[in-house]
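Student: I am attaching a structure below and will ask some questions about it afterwards.
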Amino acid sequence: MNDKDKILIEKLRTAKSVAIIGHKNPDGDALGSALAMCRLIEMNFGISPVCTYDGNIPEALGAVPLRSRMRFVGHLNAPAPFDVVILVDYGTARHLEFASALIENAGFVVEIDHHKNDAPIAALCFDDDTADATAVIIYEMMRRMDWRFDGDVLNLLALGIITDTGHFKFVKSGRSMRIMADLVDGGVKIGAVYDMLNNQPKKTILVEAKAAASAEFFYRDRLAVATITNRDYKNMDGRGENVLDILSRIKGVEYIALLKQQKDNQIGVSLRGRRKPVNSVAAALGGGGHLRAAGAVVRDSLENVHDRVVELFRGI
Ligand SMILES: [Mn+2]
């Protein structure tokens with residue numbers, strides 16, 4: 001146990017109310033980390049945290065343990081100031097704008113994150129950008145502080161690791177895999193976690209298959225660009241991982257860009273690099289993310305964003 005652990009324990013021991021918040025439109029790691037932390041605090045401090053989110057939780061994550069504990073931020077009735085607010089897997093402050101009042105009014109703010117962030121929000125930071133997932137950091141905290149846990153906690157942490165590593169494709173070291181081994185020894189069935197994610201609506205898979213089928217290819221087929229227009233966007237569920245996944249299986253494709261027309265002049269861009277980084281392209285579009293999995297939201301027409309993305313990959 002280290003000094004930061006001791007402060008956290010002291011704050012949680014004396015807290016009468018705790019809120020846990022992840023980034024907007026939570027993914028498997030944000031959701032798994034928030035709910036695992038929720039259960040851990042419940043089991044070890046006898047207090048029931050409020051878990052809140054903004055945006056949309058993909059239907060693919062509808063079957064995760066404790067999913068029903070997540071409360072839409074707009075449905076929190078007159079949230080009193082929380083004694084402790086814990087931010088998990090949030091990235092940068094702009095992903096938490098929806099919760100700024102909760103954070104500002106909190107007695108004490110803690111953050112647990114693996115994103116690179118030059119401007120942390122919290123007074124107490126468990127940040128580590130070498131971790132493959134926020135779930136990795138939480139697992140290590142749980143072990144260090146000798147917290148009690150149950151099967152739900154282990155499955156939620158496994159979910160965070162599996163989804164954020166792209167099913168282990170993006171592991172930066174053996175660290176998250178060693179943790180995964182512990183989780184499996186603790187009873188986690190990897191196949192069951194995968195199957196839990198096979199929970200997507202038919203319309204989503206059909207829209208994603210259509211986007212993959214109409215992809216364009218540039219630079220001797222090294223760049224694949226798929227587009228989902230406004231009309232189809234409403235049938236999406238999450239970020240369109242299936243499109244990225246299908247296109248990344250093509251021989252010779254090095255980079256994949258998925259353009260999602262969220263609104264007429266608002267394009268979500270997801271980028272993947274099979275062997276090389278794409279985060280500089282995301283940064284050039286005003287976004288960010290991980291080395292080989294990054295993205296941006298660009299306020300411009302679909303045509304303009306399309307041409308800019310293709311141009312940014314010129315010379316690859
Ligand atoms: Mn994450």
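The way I read the labels, and the way they are meant: chains A, B, ... in the order of the structure tokens, residue 1 as the first residue of every chain, and ligand 1 as the first ligand shown, with later ones counted on from there.
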Neighbouring residues of Phe149 of chain A were defined as those with any atom within 12 Å, considering only C-alpha atoms; residues of the same chain fewer than 2 positions away were excluded. Please report them as number ranges by chain.
Tutor: A: 36-45, 138-139, 141-143, 145-147, 151-157, 183, 186
Student: Residues within 7 Å of ligand 1 should be enumerated using only C-alpha atoms and all ligand atoms and returned as a PyMOL selection string.
Tutor: chain A and resi 29-30+89+114+133-134+164
Student: Store the residues picked out above in a file with N, CA and C atoms, as a PDB file, in the first residue's frame.
Tutor:
ATOM      1  N   ASP A  29     -14.210  -0.583 -21.322  1.00  0.00           N
ATOM      2  CA  ASP A  29     -13.313  -0.275 -20.205  1.00  0.00           C
ATOM      3  C   ASP A  29     -13.925   0.768 -19.278  1.00  0.00           C
ATOM      4  N   ALA A  30     -14.531   1.806 -19.838  1.00  0.00           N
ATOM      5  CA  ALA A  30     -15.155   2.837 -18.999  1.00  0.00           C
ATOM      6  C   ALA A  30     -16.277   2.219 -18.165  1.00  0.00           C
ATOM      7  N   ASP A  89     -11.268   6.318 -16.480  1.00  0.00           N
ATOM      8  CA  ASP A  89     -11.131   6.120 -17.930  1.00  0.00           C
ATOM      9  C   ASP A  89     -11.679   7.292 -18.736  1.00  0.00           C
ATOM     10  N   HIS A 114      -5.889   5.555 -17.706  1.00  0.00           N
ATOM     11  CA  HIS A 114      -4.703   5.118 -18.444  1.00  0.00           C
ATOM     12  C   HIS A 114      -4.490   5.936 -19.719  1.00  0.00           C
ATOM     13  N   ALA A 133      -5.395  -0.717 -19.930  1.00  0.00           N
ATOM     14  CA  ALA A 133      -6.796  -0.382 -19.673  1.00  0.00           C
ATOM     15  C   ALA A 133      -6.881   0.204 -18.268  1.00  0.00           C
ATOM     16  N   THR A 134      -7.920   0.988 -18.025  1.00  0.00           N
ATOM     17  CA  THR A 134      -8.148   1.470 -16.662  1.00  0.00           C
ATOM     18  C   THR A 134      -8.410   0.283 -15.745  1.00  0.00           C
ATOM     19  N   ASP A 164     -10.466  -2.995 -24.364  1.00  0.00           N
ATOM     20  CA  ASP A 164      -9.503  -1.913 -24.619  1.00  0.00           C
ATOM     21  C   ASP A 164      -8.235  -2.396 -25.317  1.00  0.00           C
TER      22      ASP A 164
END
Student: As a list in words, which residues of segment 121-260 of chain A does DSSP assign to strand (DSSP E)?
Tutor: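 Here is the list: Leu124, Cys125, Phe126, Asp127, Glu216, Phe217, Phe218, Leu223, Ala224, Val225, Ala226, Thr227, Ile228, Tyr255, Ile256, Ala257, Leu258, Leu259 and Lys260 of chain A.
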Student: Could the residues in this selection be saved with N, CA and C atoms as a PDB file, in the first residue's frame?
Tutor:
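Now in part.pdb:
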ATOM      1  N   LEU A 124      -6.478  13.581  -6.324  1.00  0.00           N
ATOM      2  CA  LEU A 124      -5.750  12.330  -6.105  1.00  0.00           C
ATOM      3  C   LEU A 124      -5.816  11.505  -7.390  1.00  0.00           C
ATOM      4  N   CYS A 125      -4.653  11.269  -8.005  1.00  0.00           N
ATOM      5  CA  CYS A 125      -4.635  10.637  -9.325  1.00  0.00           C
ATOM      6  C   CYS A 125      -3.979   9.261  -9.290  1.00  0.00           C
ATOM      7  N   PHE A 126      -4.723   8.258  -9.718  1.00  0.00           N
ATOM      8  CA  PHE A 126      -4.146   6.942  -9.973  1.00  0.00           C
ATOM      9  C   PHE A 126      -4.060   6.802 -11.496  1.00  0.00           C
ATOM     10  N   ASP A 127      -3.133   7.535 -12.076  1.00  0.00           N
ATOM     11  CA  ASP A 127      -3.023   7.582 -13.530  1.00  0.00           C
ATOM     12  C   ASP A 127      -1.781   6.820 -13.968  1.00  0.00           C
ATOM     13  N   GLU A 216     -13.811   2.367 -49.653  1.00  0.00           N
ATOM     14  CA  GLU A 216     -12.920   2.781 -50.750  1.00  0.00           C
ATOM     15  C   GLU A 216     -11.479   2.504 -50.331  1.00  0.00           C
ATOM     16  N   PHE A 217     -10.642   2.345 -51.334  1.00  0.00           N
ATOM     17  CA  PHE A 217      -9.244   2.019 -51.041  1.00  0.00           C
ATOM     18  C   PHE A 217      -8.324   3.014 -51.745  1.00  0.00           C
ATOM     19  N   PHE A 218      -7.278   3.423 -51.038  1.00  0.00           N
ATOM     20  CA  PHE A 218      -6.343   4.425 -51.563  1.00  0.00           C
ATOM     21  C   PHE A 218      -4.905   3.943 -51.365  1.00  0.00           C
ATOM     22  N   LEU A 223      -4.705   2.078 -47.565  1.00  0.00           N
ATOM     23  CA  LEU A 223      -5.671   2.803 -46.735  1.00  0.00           C
ATOM     24  C   LEU A 223      -7.089   2.401 -47.148  1.00  0.00           C
ATOM     25  N   ALA A 224      -7.886   1.963 -46.192  1.00  0.00           N
ATOM     26  CA  ALA A 224      -9.298   1.673 -46.439  1.00  0.00           C
ATOM     27  C   ALA A 224     -10.132   2.736 -45.734  1.00  0.00           C
ATOM     28  N   VAL A 225     -11.105   3.285 -46.458  1.00  0.00           N
ATOM     29  CA  VAL A 225     -11.965   4.318 -45.879  1.00  0.00           C
ATOM     30  C   VAL A 225     -13.422   3.870 -46.009  1.00  0.00           C
ATOM     31  N   ALA A 226     -14.096   3.748 -44.894  1.00  0.00           N
ATOM     32  CA  ALA A 226     -15.515   3.378 -44.905  1.00  0.00           C
ATOM     33  C   ALA A 226     -16.327   4.546 -44.364  1.00  0.00           C
ATOM     34  N   THR A 227     -17.535   4.652 -44.852  1.00  0.00           N
ATOM     35  CA  THR A 227     -18.377   5.802 -44.498  1.00  0.00           C
ATOM     36  C   THR A 227     -19.743   5.321 -44.025  1.00  0.00           C
ATOM     37  N   ILE A 228     -20.218   5.936 -42.963  1.00  0.00           N
ATOM     38  CA  ILE A 228     -21.591   5.689 -42.531  1.00  0.00           C
ATOM     39  C   ILE A 228     -22.321   7.027 -42.546  1.00  0.00           C
ATOM     40  N   TYR A 255      -3.968   0.867 -42.901  1.00  0.00           N
ATOM     41  CA  TYR A 255      -4.696   1.874 -42.131  1.00  0.00           C
ATOM     42  C   TYR A 255      -6.172   1.794 -42.472  1.00  0.00           C
ATOM     43  N   ILE A 256      -6.994   2.003 -41.466  1.00  0.00           N
ATOM     44  CA  ILE A 256      -8.434   2.007 -41.696  1.00  0.00           C
ATOM     45  C   ILE A 256      -9.007   3.289 -41.096  1.00  0.00           C
ATOM     46  N   ALA A 257      -9.847   3.943 -41.881  1.00  0.00           N
ATOM     47  CA  ALA A 257     -10.559   5.120 -41.386  1.00  0.00           C
ATOM     48  C   ALA A 257     -12.050   4.867 -41.540  1.00  0.00           C
ATOM     49  N   LEU A 258     -12.788   5.127 -40.470  1.00  0.00           N
ATOM     50  CA  LEU A 258     -14.244   5.017 -40.526  1.00  0.00           C
ATOM     51  C   LEU A 258     -14.826   6.400 -40.252  1.00  0.00           C
ATOM     52  N   LEU A 259     -15.584   6.900 -41.217  1.00  0.00           N
ATOM     53  CA  LEU A 259     -16.187   8.228 -41.094  1.00  0.00           C
ATOM     54  C   LEU A 259     -17.666   8.064 -40.781  1.00  0.00           C
ATOM     55  N   LYS A 260     -18.078   8.645 -39.677  1.00  0.00           N
ATOM     56  CA  LYS A 260     -19.478   8.516 -39.266  1.00  0.00           C
ATOM     57  C   LYS A 260     -20.123   9.889 -39.251  1.00  0.00           C
TER      58      LYS A 260
END
Student: Please report the interatomic distance between atom CA of Ile161 of chain A and atom CA of Gly286 of chain A in Å with one decimal.
Tutor: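 Between atom CA of Ile161 of chain A and atom CA of Gly286 of chain A the gap is 26.7 Å.
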Student: With only C-alpha atoms as the atoms that count, which of A:Met177, A:Ala60, A:Ala122, A:Ala99 lies nearest to Gly240 of chain A?
Tutor: A:Ala60
Student: What lies within 12 Å of Ile316 of chain A using only C-alpha atoms, ignoring chain neighbours under 6 positions off, as a ChimeraX atom specification?
Tutor: /A:218-223,253-255,273,276-278,281,310
Student: Compare A:Lys169, A:Lys4, A:His75, A:Lys16 by their minimum atom-to-atom distance to Pro49 of chain A, counting only C-alpha atoms, and give me the closest one.
Tutor: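 Closest to Pro49 of chain A of all the choices is A:Lys16.
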Student: So, with only C-alpha atoms as the atoms that count, which of A:Glu59, A:Ile86, A:Arg178, A:Glu140 lies closest to Asn2 of chain A?
Tutor: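 Smallest distance to Asn2 of chain A is found for A:Glu140.
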Student: Given only C-alpha atoms as the basis, pick out the residue of A:Ile190, A:Ile20, A:Met1, A:Leu244 nearest to Ala211 of chain A.
Tutor: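 Among the listed residues, A:Leu244 lies closest to Ala211 of chain A.
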Student: Under the rule that only C-alpha atoms are counted, which of A:His167, A:Glu241, A:Lys263, A:Glu111 is the nearest residue to Asp128 of chain A?
Tutor: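 For Asp128 of chain A, the nearest of the given residues is A:Glu111.
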Student: Enter the distance from atom CA of Ala80 of chain A to atom CA of Ile112 of chain A, in Å, rounded to one decimal.
Tutor: 22.6 Å
Student: To one decimal in Å, tell me the separation between atom CA of Gly187 of chain A and atom CA of Asp150 of chain A.
Tutor: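 It comes out at 9.9 Å.
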Student: Using only C-alpha atoms, which of A:Gln262, A:Ser248, A:Glu303, A:Gly295 sits nearest Arg231 of chain A?
Tutor: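 Looking only at the distances to Arg231 of chain A, the closest residue turns out to be A:Gln262.
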Student: Any idea what's packed within 12 Å of Asn304 of chain A, counting only C-alpha atoms, ignoring anything in its chain fewer than 4 positions away? Could you give it as a list of chain:residue names?
Tutor: A:Leu259, A:Gln261, A:Asp264, A:Asn265, A:Gln266, A:Ile267, A:Leu285, A:Val298, A:Arg299, A:Asp300, A:Arg308, A:Val309, A:Val310, A:Glu311
Student: Sort by chain and increasing residue number a table of all residues of segment 218-300 of chain A within 6 Å of segment 196-209 of chain A, each with its closest pair of atoms and their distance in Å to one decimal, counting only C-alpha atoms, and write it as CSV.
Tutor:
residue,atom,partner,partner_atom,distance
A:Asn235,CA,A:Thr204,CA,5.4
A:Met236,CA,A:Thr204,CA,5.0
A:Val243,CA,A:Glu208,CA,5.5
